[in-house]
Amino acid sequence: AADFFVPAAQLRGARLDKGIAGKVLTEGGLLVVTWAHGERLIDSGFRSDRAAEHTEWVEAINSMTETKTETSTTEGAER
């Protein structure tokens with residue numbers, strides 16, 4: 001897949017999941033990052049060669065977005 005850049009200000013949160021867009025993995029095998037593109041929230045799924053690091057990524061991203069999520073009631077992109 002091609003690289004893309006999401007500015008930190010656009011990050012809205014992260015979570016572990018087992019699937020996205022019809023692709024299913026083991027429980028927690030997918031790192032899902034929610035970010036804003038204009039007024040729309042987008043979920044992007046990532047699978048690392050080091051899946052054990054997914055939890056650290058979730059914690060790091062969520063700590064960066066903590067003040068945003070305190071004022072937001074939306075979790076993840078519209079499903």
# chains A, B, ... in the order shown; residues from 1 in each chain; ligands from 1
$ residues_around --residues "Val32 in chain A" --least-positions-apart "6" --cutoff "9 Å" --atoms "only C-alpha atoms" --output "MDAnalysis selection string"
chainID A and resid 13:17 19:20 43:47 58 76
$ closest_residue --among "A:Ala9, A:Ala2, A:Leu30, A:Lys18" --to "Glu53 in chain A" --atoms "only C-alpha atoms"
A:Leu30
$ atom_distance --atom1 "CA of Val6 in chain A" --atom2 "CA of Ile61 in chain A"
12.0 Å
$ residues_around --residues "Pro7 in chain A" --least-positions-apart "4" --cutoff "10 Å" --atoms "only C-alpha atoms" --output "list in words"
Leu11, Trp35 and Ala36 of chain A
$ write_last_selection --atoms "all heavy atoms" --output "PDB file, in the first residue's frame"
ATOM      1  N   LEU A  11      -5.909  13.232  14.330  1.00  0.00           N
ATOM      2  CA  LEU A  11      -6.133  11.957  15.007  1.00  0.00           C
ATOM      3  C   LEU A  11      -7.258  12.086  16.018  1.00  0.00           C
ATOM      4  O   LEU A  11      -7.351  13.083  16.733  1.00  0.00           O
ATOM      5  CB  LEU A  11      -4.861  11.495  15.706  1.00  0.00           C
ATOM      6  CG  LEU A  11      -3.691  11.144  14.802  1.00  0.00           C
ATOM      7  CD1 LEU A  11      -2.453  10.869  15.648  1.00  0.00           C
ATOM      8  CD2 LEU A  11      -4.021   9.951  13.922  1.00  0.00           C
ATOM      9  N   TRP A  35      -9.397   9.035  12.333  1.00  0.00           N
ATOM     10  CA  TRP A  35      -8.877  10.368  12.068  1.00  0.00           C
ATOM     11  C   TRP A  35      -9.908  11.152  11.269  1.00  0.00           C
ATOM     12  O   TRP A  35     -10.825  10.595  10.683  1.00  0.00           O
ATOM     13  CB  TRP A  35      -7.534  10.305  11.359  1.00  0.00           C
ATOM     14  CG  TRP A  35      -7.494   9.495  10.100  1.00  0.00           C
ATOM     15  CD1 TRP A  35      -7.482   8.127  10.005  1.00  0.00           C
ATOM     16  CD2 TRP A  35      -7.460   9.981   8.764  1.00  0.00           C
ATOM     17  NE1 TRP A  35      -7.434   7.745   8.689  1.00  0.00           N
ATOM     18  CE2 TRP A  35      -7.421   8.862   7.905  1.00  0.00           C
ATOM     19  CE3 TRP A  35      -7.454  11.252   8.204  1.00  0.00           C
ATOM     20  CZ2 TRP A  35      -7.378   8.981   6.517  1.00  0.00           C
ATOM     21  CZ3 TRP A  35      -7.412  11.363   6.824  1.00  0.00           C
ATOM     22  CH2 TRP A  35      -7.370  10.233   6.004  1.00  0.00           C
ATOM     23  N   ALA A  36      -9.769  12.467  11.315  1.00  0.00           N
ATOM     24  CA  ALA A  36     -10.725  13.358  10.649  1.00  0.00           C
ATOM     25  C   ALA A  36     -10.170  13.828   9.314  1.00  0.00           C
ATOM     26  O   ALA A  36      -9.006  14.204   9.205  1.00  0.00           O
ATOM     27  CB  ALA A  36     -11.026  14.564  11.531  1.00  0.00           C
TER      28      ALA A  36
END
$ atom_distance --atom1 "CA of Val33 in chain A" --atom2 "CA of Arg12 in chain A"
7.7 Å
$ residues_around --residues "Ala51 in chain A" --least-positions-apart "2" --cutoff "9 Å" --atoms "only C-alpha atoms" --output "list in words"
Gly28, Gly29, Leu30, Leu31, Arg47, Ser48, Asp49, Glu53, His54 and Thr55 of chain A
$ closest_residue --among "A:Thr65, A:Trp57, A:Phe5, A:Gln10" --to "Ile42 in chain A" --atoms "only C-alpha atoms"
A:Gln10
